[in-house]
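Trainee: What follows is work39.cif, made up of mmCIF, C-alpha atoms and all ligand atoms:
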data_upload
loop_
_atom_site.label_atom_id
_atom_site.label_comp_id
_atom_site.auth_asym_id
_atom_site.auth_seq_id
_atom_site.Cartn_x
_atom_site.Cartn_y
_atom_site.Cartn_z
CA MET N 1151 71.03 44.13 180.89
CA SER N 1152 68.32 42.12 179.08
CA THR N 1153 69.23 40.13 176.00
CA GLU N 1154 67.00 42.45 173.93
CA LYS N 1155 68.92 45.50 175.16
CA ARG N 1156 72.29 43.82 174.56
CA LEU N 1157 71.37 42.91 171.00
CA MET N 1158 70.26 46.48 170.29
CA ARG N 1159 73.53 47.69 171.86
CA VAL N 1160 75.36 45.56 169.26
CA ALA N 1161 73.26 47.22 166.53
CA GLU N 1162 74.24 50.67 167.88
CA MET N 1163 77.91 49.70 167.94
CA LEU N 1164 77.69 48.45 164.34
CA LEU N 1165 76.08 51.74 163.31
CA SER N 1166 78.61 53.90 165.15
CA GLY N 1167 81.59 51.87 163.93
CA ALA N 1168 82.61 50.79 167.44
CA ILE N 1169 82.23 47.30 166.01
CA GLU N 1170 83.85 47.15 162.59
CA VAL N 1171 82.84 44.65 159.88
CA VAL N 1172 85.95 43.27 158.14
CA ASP N 1173 85.61 41.53 154.76
CA LEU N 1174 87.40 38.17 154.79
CA SER N 1175 86.42 37.17 151.22
CA ALA N 1176 88.40 37.44 147.99
CA PRO N 1177 86.80 38.73 144.76
CA LEU N 1178 84.98 35.86 143.01
CA GLY N 1179 85.37 35.80 139.24
CA PRO N 1180 87.22 34.36 136.23
CA GLN N 1181 90.56 35.33 137.82
CA THR N 1182 89.90 33.36 141.03
CA PRO N 1183 92.59 30.67 141.51
CA ILE N 1184 91.11 27.16 141.37
CA LEU N 1185 92.66 24.06 142.97
CA THR N 1186 94.38 21.66 140.59
CA LEU N 1187 94.90 18.05 141.64
CA PRO N 1188 97.16 15.43 140.02
CA PRO N 1189 95.28 14.28 136.86
CA GLU N 1190 95.65 10.58 137.72
CA LEU N 1191 93.86 11.26 141.02
CA ALA N 1192 91.01 13.54 140.16
CA VAL N 1193 88.96 15.82 137.92
CA ASP N 1194 89.38 19.51 138.68
CA THR N 1195 86.77 22.20 139.32
CA PRO N 1196 86.31 24.35 136.18
CA LYS N 1197 87.30 28.01 136.20
CA ILE N 1198 84.56 30.44 137.23
CA GLU N 1199 82.51 31.91 134.38
CA ILE N 1200 80.19 34.92 134.62
CA HIS N 1201 77.83 35.20 131.63
CA THR N 1202 75.68 38.25 130.99
CA ILE N 1203 72.00 37.49 130.38
CA SER N 1204 71.16 41.12 129.73
CA GLU N 1205 72.41 44.59 130.55
CA TYR N 1206 69.61 47.02 129.61
CA ASP N 1207 69.65 45.74 126.04
CA LYS N 1208 67.58 43.64 123.63
CA ASN N 1209 67.83 40.65 125.98
CA GLY N 1210 66.35 42.64 128.85
CA PRO N 1211 65.71 46.32 128.17
CA PHE N 1212 65.48 47.62 131.75
CA TRP N 1213 67.53 45.12 133.71
CA ALA N 1214 70.98 43.58 134.12
CA TRP N 1215 71.68 40.06 135.33
CA ASN N 1216 74.20 37.26 134.92
CA TRP N 1217 74.40 33.52 135.25
CA LEU N 1218 77.38 31.74 136.73
CA LYS N 1219 79.41 28.63 136.21
CA LEU N 1220 80.80 28.06 139.69
CA GLY N 1221 82.27 25.11 141.56
CA GLU N 1222 81.27 24.75 145.18
CA HIS N 1223 84.94 24.82 146.25
CA SER N 1224 85.87 28.08 144.50
CA GLY N 1225 87.50 31.17 146.02
CA THR N 1226 86.80 32.00 149.65
CA HIS N 1227 84.66 29.01 150.55
CA PHE N 1228 83.19 26.80 153.24
CA ASP N 1229 83.86 23.03 153.43
CA ALA N 1230 80.93 20.98 154.77
CA PRO N 1231 81.44 17.56 156.40
CA HIS N 1232 79.96 15.71 153.41
CA HIS N 1233 82.87 17.02 151.30
CA TRP N 1234 85.10 14.25 152.68
CA ILE N 1235 84.51 10.49 152.79
CA THR N 1236 85.07 10.54 156.55
CA GLY N 1237 82.10 12.90 156.97
CA LYS N 1238 79.76 11.33 154.45
CA ASP N 1239 77.19 9.91 156.88
CA PHE N 1240 76.24 13.04 158.83
CA ALA N 1241 72.63 13.98 158.01
CA ASP N 1242 73.45 17.51 159.19
CA GLY N 1243 76.70 17.64 157.21
CA TYR N 1244 75.43 19.27 154.00
CA THR N 1245 75.25 22.98 153.18
CA ASP N 1246 71.43 22.85 153.47
CA THR N 1247 71.30 20.83 156.71
CA ILE N 1248 74.03 22.32 158.93
CA PRO N 1249 72.34 24.14 161.85
CA VAL N 1250 72.55 27.85 161.00
CA LYS N 1251 73.78 28.81 164.47
CA ASN N 1252 77.08 27.18 163.47
CA PHE N 1253 77.61 29.91 160.87
CA VAL N 1254 78.21 32.56 163.57
CA ALA N 1255 81.00 31.85 166.06
CA PRO N 1256 84.07 33.39 167.74
CA ALA N 1257 87.42 33.09 165.96
CA ASN N 1258 91.00 32.61 167.14
CA VAL N 1259 93.61 33.96 164.73
CA ILE N 1260 97.02 32.31 164.94
CA ASP N 1261 99.63 34.51 163.29
CA CYS N 1262 102.01 32.36 161.23
CA SER N 1263 102.74 35.10 158.70
CA ALA N 1264 106.45 35.44 159.52
CA GLU N 1265 106.99 31.66 159.38
CA ALA N 1266 104.99 31.25 156.14
CA THR N 1267 106.77 34.17 154.48
CA ALA N 1268 110.14 32.60 155.32
CA ASN N 1269 109.02 29.07 154.38
CA ALA N 1270 106.08 28.36 152.03
CA ASP N 1271 105.94 24.80 153.38
CA PHE N 1272 105.52 25.95 157.00
CA LEU N 1273 103.33 23.63 159.09
CA LEU N 1274 101.50 24.68 162.25
CA THR N 1275 101.78 21.95 164.91
CA ALA N 1276 99.85 21.18 168.10
CA ASP N 1277 102.79 22.64 170.04
CA GLY N 1278 102.53 25.81 167.96
CA VAL N 1279 98.85 26.12 168.90
CA LYS N 1280 99.62 25.48 172.59
CA THR N 1281 102.33 28.15 172.56
CA TRP N 1282 99.79 30.57 171.06
CA GLU N 1283 97.22 29.61 173.74
CA ALA N 1284 99.75 30.23 176.53
CA LYS N 1285 100.08 33.79 175.24
CA HIS N 1286 96.51 34.61 174.14
CA GLY N 1287 94.25 32.27 176.09
CA PRO N 1288 92.62 28.90 175.42
CA ILE N 1289 90.66 28.04 172.29
CA GLY N 1290 87.07 27.68 173.45
CA ARG N 1291 84.45 25.11 172.55
CA GLY N 1292 82.56 26.03 169.36
CA GLU N 1293 85.19 28.49 168.14
CA TRP N 1294 87.01 28.77 164.81
CA VAL N 1295 90.78 28.44 164.57
CA LEU N 1296 92.20 30.50 161.70
CA MET N 1297 95.79 30.19 160.46
CA ARG N 1298 97.05 33.61 159.38
CA THR N 1299 99.79 33.40 156.74
CA ASP N 1300 99.09 36.59 154.72
CA TRP N 1301 98.80 34.24 151.72
CA ASP N 1302 96.05 36.58 150.41
CA ARG N 1303 98.85 38.90 149.23
CA ARG N 1304 99.43 36.30 146.47
CA ASN N 1305 95.77 36.27 145.41
CA GLY N 1306 96.37 38.41 142.30
CA SER N 1307 98.53 35.68 140.74
CA VAL N 1308 97.34 32.10 140.22
CA GLU N 1309 100.99 30.93 140.02
CA ALA N 1310 101.99 32.61 143.28
CA PHE N 1311 98.78 31.52 145.04
CA LEU N 1312 99.06 27.83 144.07
CA ASN N 1313 102.90 27.95 144.26
CA THR N 1314 103.39 24.62 142.50
CA ASP N 1315 106.72 23.35 141.14
CA ALA N 1316 108.00 19.99 139.85
CA SER N 1317 107.86 18.58 143.38
CA GLY N 1318 104.23 19.65 143.91
CA PRO N 1319 102.33 22.47 145.63
CA HIS N 1320 104.08 24.49 148.35
CA SER N 1321 101.72 26.21 150.75
CA PRO N 1322 101.44 26.34 154.55
CA GLY N 1323 98.89 24.42 156.59
CA PRO N 1324 98.33 22.22 159.63
CA THR N 1325 99.98 19.00 160.76
CA VAL N 1326 97.91 15.98 161.77
CA ASP N 1327 98.55 16.66 165.46
CA CYS N 1328 97.49 20.31 165.06
CA ILE N 1329 94.05 19.25 163.81
CA GLU N 1330 93.80 16.52 166.48
CA TYR N 1331 94.59 19.13 169.12
CA ILE N 1332 92.06 21.75 168.01
CA LEU N 1333 89.43 18.98 167.86
CA SER N 1334 90.31 18.11 171.47
CA ARG N 1335 89.53 21.78 172.24
CA GLU N 1336 86.16 21.24 170.45
CA ALA N 1337 86.82 23.87 167.78
CA ILE N 1338 83.95 24.21 165.31
CA GLY N 1339 86.21 24.72 162.31
CA TRP N 1340 89.64 25.32 160.82
CA GLY N 1341 90.32 28.12 158.36
CA THR N 1342 93.29 29.12 156.22
CA GLN N 1343 94.28 31.70 153.61
CA CYS N 1344 95.45 29.18 150.97
CA ILE N 1345 93.52 27.42 148.19
CA GLY N 1346 92.34 24.69 150.59
CA THR N 1347 92.33 24.04 154.32
CA ASP N 1348 95.27 21.63 154.02
CA ALA N 1349 98.94 22.30 153.35
CA GLY N 1350 100.45 21.82 149.88
CA ALA N 1351 102.27 18.77 151.27
CA ALA N 1352 99.09 17.27 152.79
CA SER N 1353 98.70 14.42 150.27
CA GLY N 1354 101.77 12.80 151.87
CA MET N 1355 100.55 13.03 155.46
CA ASN N 1356 99.00 10.23 157.51
CA PRO N 1357 96.05 10.48 157.12
CA PRO N 1358 96.32 12.40 153.84
CA PHE N 1359 94.67 15.86 153.94
CA PRO N 1360 94.26 15.89 157.76
CA ALA N 1361 92.26 19.13 157.90
CA HIS N 1362 89.70 17.56 155.58
CA ASN N 1363 89.89 14.00 156.91
CA LEU N 1364 89.77 14.78 160.63
CA MET N 1365 87.64 17.93 160.80
CA HIS N 1366 84.90 16.44 158.60
CA LYS N 1367 85.09 13.09 160.42
CA ALA N 1368 84.19 15.11 163.54
CA ASN N 1369 81.27 16.82 161.69
CA ARG N 1370 83.17 20.09 161.74
CA TYR N 1371 83.94 22.66 159.08
CA GLY N 1372 86.61 24.31 156.97
CA LEU N 1373 87.19 27.72 155.43
CA ALA N 1374 89.69 28.34 152.63
CA SER N 1375 91.13 31.38 150.81
CA LEU N 1376 90.32 33.75 153.68
CA CYS N 1377 91.54 37.35 153.27
CA ASN N 1378 92.50 40.18 155.61
CA LEU N 1379 93.33 38.07 158.65
CA ASP N 1380 96.10 40.64 159.27
CA ARG N 1381 93.30 43.05 160.23
CA LEU N 1382 92.04 40.84 163.07
CA PRO N 1383 93.19 40.64 166.69
CA PRO N 1384 94.21 37.15 167.93
CA LYS N 1385 90.99 36.74 169.93
CA GLY N 1386 87.68 38.42 170.54
CA VAL N 1387 86.11 38.56 167.08
CA ILE N 1388 82.90 36.99 165.76
CA LEU N 1389 83.13 35.23 162.40
CA ILE N 1390 80.06 35.02 160.16
CA ALA N 1391 80.47 32.49 157.34
CA ALA N 1392 77.27 31.06 155.87
CA PRO N 1393 77.40 28.83 152.78
CA LEU N 1394 74.64 29.01 150.16
CA LYS N 1395 71.81 26.61 150.97
CA ILE N 1396 72.77 24.28 148.13
CA VAL N 1397 70.70 21.07 148.32
CA ARG N 1398 73.04 18.29 149.46
CA GLY N 1399 75.91 20.71 148.84
CA THR N 1400 79.45 19.86 149.97
CA GLY N 1401 80.62 23.45 150.26
CA SER N 1402 80.00 26.90 148.92
CA PRO N 1403 81.63 30.24 148.26
CA VAL N 1404 80.94 32.55 151.19
CA ARG N 1405 81.12 36.22 152.01
CA ALA N 1406 83.03 35.72 155.24
CA LEU N 1407 82.76 38.64 157.67
CA ALA N 1408 84.42 39.38 160.98
CA LEU N 1409 82.92 41.61 163.66
CA VAL N 1410 85.88 43.35 165.27
CA PRO N 1411 85.97 45.84 168.15
CA ARG N 1412 87.58 49.08 166.93
CA SER N 1413 90.76 49.57 168.91
C1 LIG B 1501 89.36 18.01 146.99
C2 LIG B 1501 90.50 17.26 147.16
C3 LIG B 1501 91.57 17.78 147.84
C4 LIG B 1501 91.47 19.06 148.37
C5 LIG B 1501 90.30 19.82 148.22
C6 LIG B 1501 89.26 19.29 147.52
C7 LIG B 1501 90.19 21.20 148.78
O1 LIG B 1501 91.12 21.80 149.21
C8 LIG B 1501 88.86 21.87 148.93
O2 LIG B 1501 88.59 22.91 148.30
O3 LIG B 1501 88.06 21.39 149.72
S1 LIG B 1501 92.83 19.72 149.23
MN MN B 1502 86.89 23.14 149.79
#
How does the structure come out when it is put into C-alpha cells?
Ligand code: 23J
Ligand code: MN
Mentor:
Amino acid sequence: MSTEKRLMRVAEMLLSGAIEVVDLSAPLGPQTPILTLPPELAVDTPKIEIHTISEYDKNGPFWAWNWLKLGEHSGTHFDAPHHWITGKDFADGYTDTIPVKNFVAPANVIDCSAEATANADFLLTADGVKTWEAKHGPIGRGEWVLMRTDWDRRNGSVEAFLNTDASGPHSPGPTVDCIEYILSREAIGWGTQCIGTDAGAASGMNPPFPAHNLMHKANRYGLASLCNLDRLPPKGVILIAAPLKIVRGTGSPVRALALVPRS
C-alpha cells in the first residue's frame, strides 16, 4: 500500500473509532497542583490564573476571551532540554526549536500502579524495566517510556497529589539506573503521572533529579502529570505531545493525546 493510502486509512480508522483518541491531559486551571520546592533552594511557579477580558459585555459586547497567568511547568506539561543545566547548550533544546517530528512517537506504558498504590515512594529500576521488556517486548529507539502509577486519581486534591509531609514529598518515580537504561535503549522521553518527572525523593539521588539531569543532558524530553495511562495498552500506541512554541521556552503545558487501537 502507498504511504498516501496508508495515511488515509489512518484517517478512516480515526473517523470510525477503530483508532481511539485518549486524552492524557489534566484540566488546567486555578485548581491545578503546582510544584513547591524548598524555599531556601528556589522560587516557585505561581498558581494558574484565568482572567476574563470580556464575556459578551461592556468590555466586548459580542465576544468572550480570557488572559492567563501560567507557568511553563504547570499541569500536564512537557519538559524541554533547556529546562535543566545539563541540557542548556542544545540549540534544538527549546520549545520553539525542537524538531516537530519528535512530538509524535510510540509509547511504552509500564504499569507500576499496584506498587505505587502500596508504596508512595516506589521507584522503578532498570531491572524493573527489563522485566517489563521480557514480557512486552523491547523499548525501541525514539519511543516514550511512561510510568503508570494511577497518580491522576489524586489530581482533585493538591495535598494528595503533592503528598508532602515533614520528611518531604512522597511520590513514585525512576531511579538513576532506570533513566540510564532507557537512554541506552535510545528512548526519546520519560513520562510520569506525578507533579514532575522525578520521584519525590529525587533531590537526594546521585545525580539529584535523574530524570531531569540525565534525560535533558541527552537532549531528550519529559512529560509530567499525565492522566488516563490506565486506558492504554503496554505497547502499540502513538503519543502526540506538542508544547506551545514559546520562544526560548523550557517547557509548556500540553494537550497530550494517545492514538490507541480499539480492542
Ligand atoms: C524545577 C526543579 C525541580 C523539579 C522541577 C522543576 C519539575 O519537576 C518540573 O516541572 O520540571 S522536580
Ligand atoms: Mn517540568
Trainee: Can you pull out every residue with an atom within 10 Å of ligand LIG 1501 (chain B)? Use all atoms listed in the file and format it as a ChimeraX atom specification.
Mentor: /N:1184-1188,1191-1195,1221-1230,1233-1234,1344-1353,1358-1363,1372-1375,1400-1402
Trainee: Do you have the CA of Glu1190 (chain N)-CA of Ala1310 (chain N) distance handy?
Mentor: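 Here the two named atoms are 23.6 Å from each other.
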Trainee: Residues around (101.7, 31.9, 162.3), cut-off 10 Å, counting all atoms listed in the file - what are they as a PyMOL selection string?
Mentor: chain N and resi 1259-1267+1272-1274+1278-1279+1282+1296-1300+1322-1323
Trainee: Which value, in Å to one decimal, gives the distance between CA of Leu1376 (chain N) and CA of Ala1241 (chain N)?
Mentor: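 Separation of CA of Leu1376 (chain N) and CA of Ala1241 (chain N): 26.9 Å.
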Trainee: At a cut-off of 9 Å, using all atoms listed in the file, what residues contact region 1196-1200 of chain N? Leave out same-chain residues fewer than 5 positions from it and give the result as a list in words.
Mentor: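 What passes the distance filter is Leu1178, Gly1179, Pro1180, Gln1181, Thr1182, Pro1183, Ile1184, Asn1216, Trp1217, Leu1218, Lys1219, Leu1220, Gly1221 and Ser1224 of chain N.
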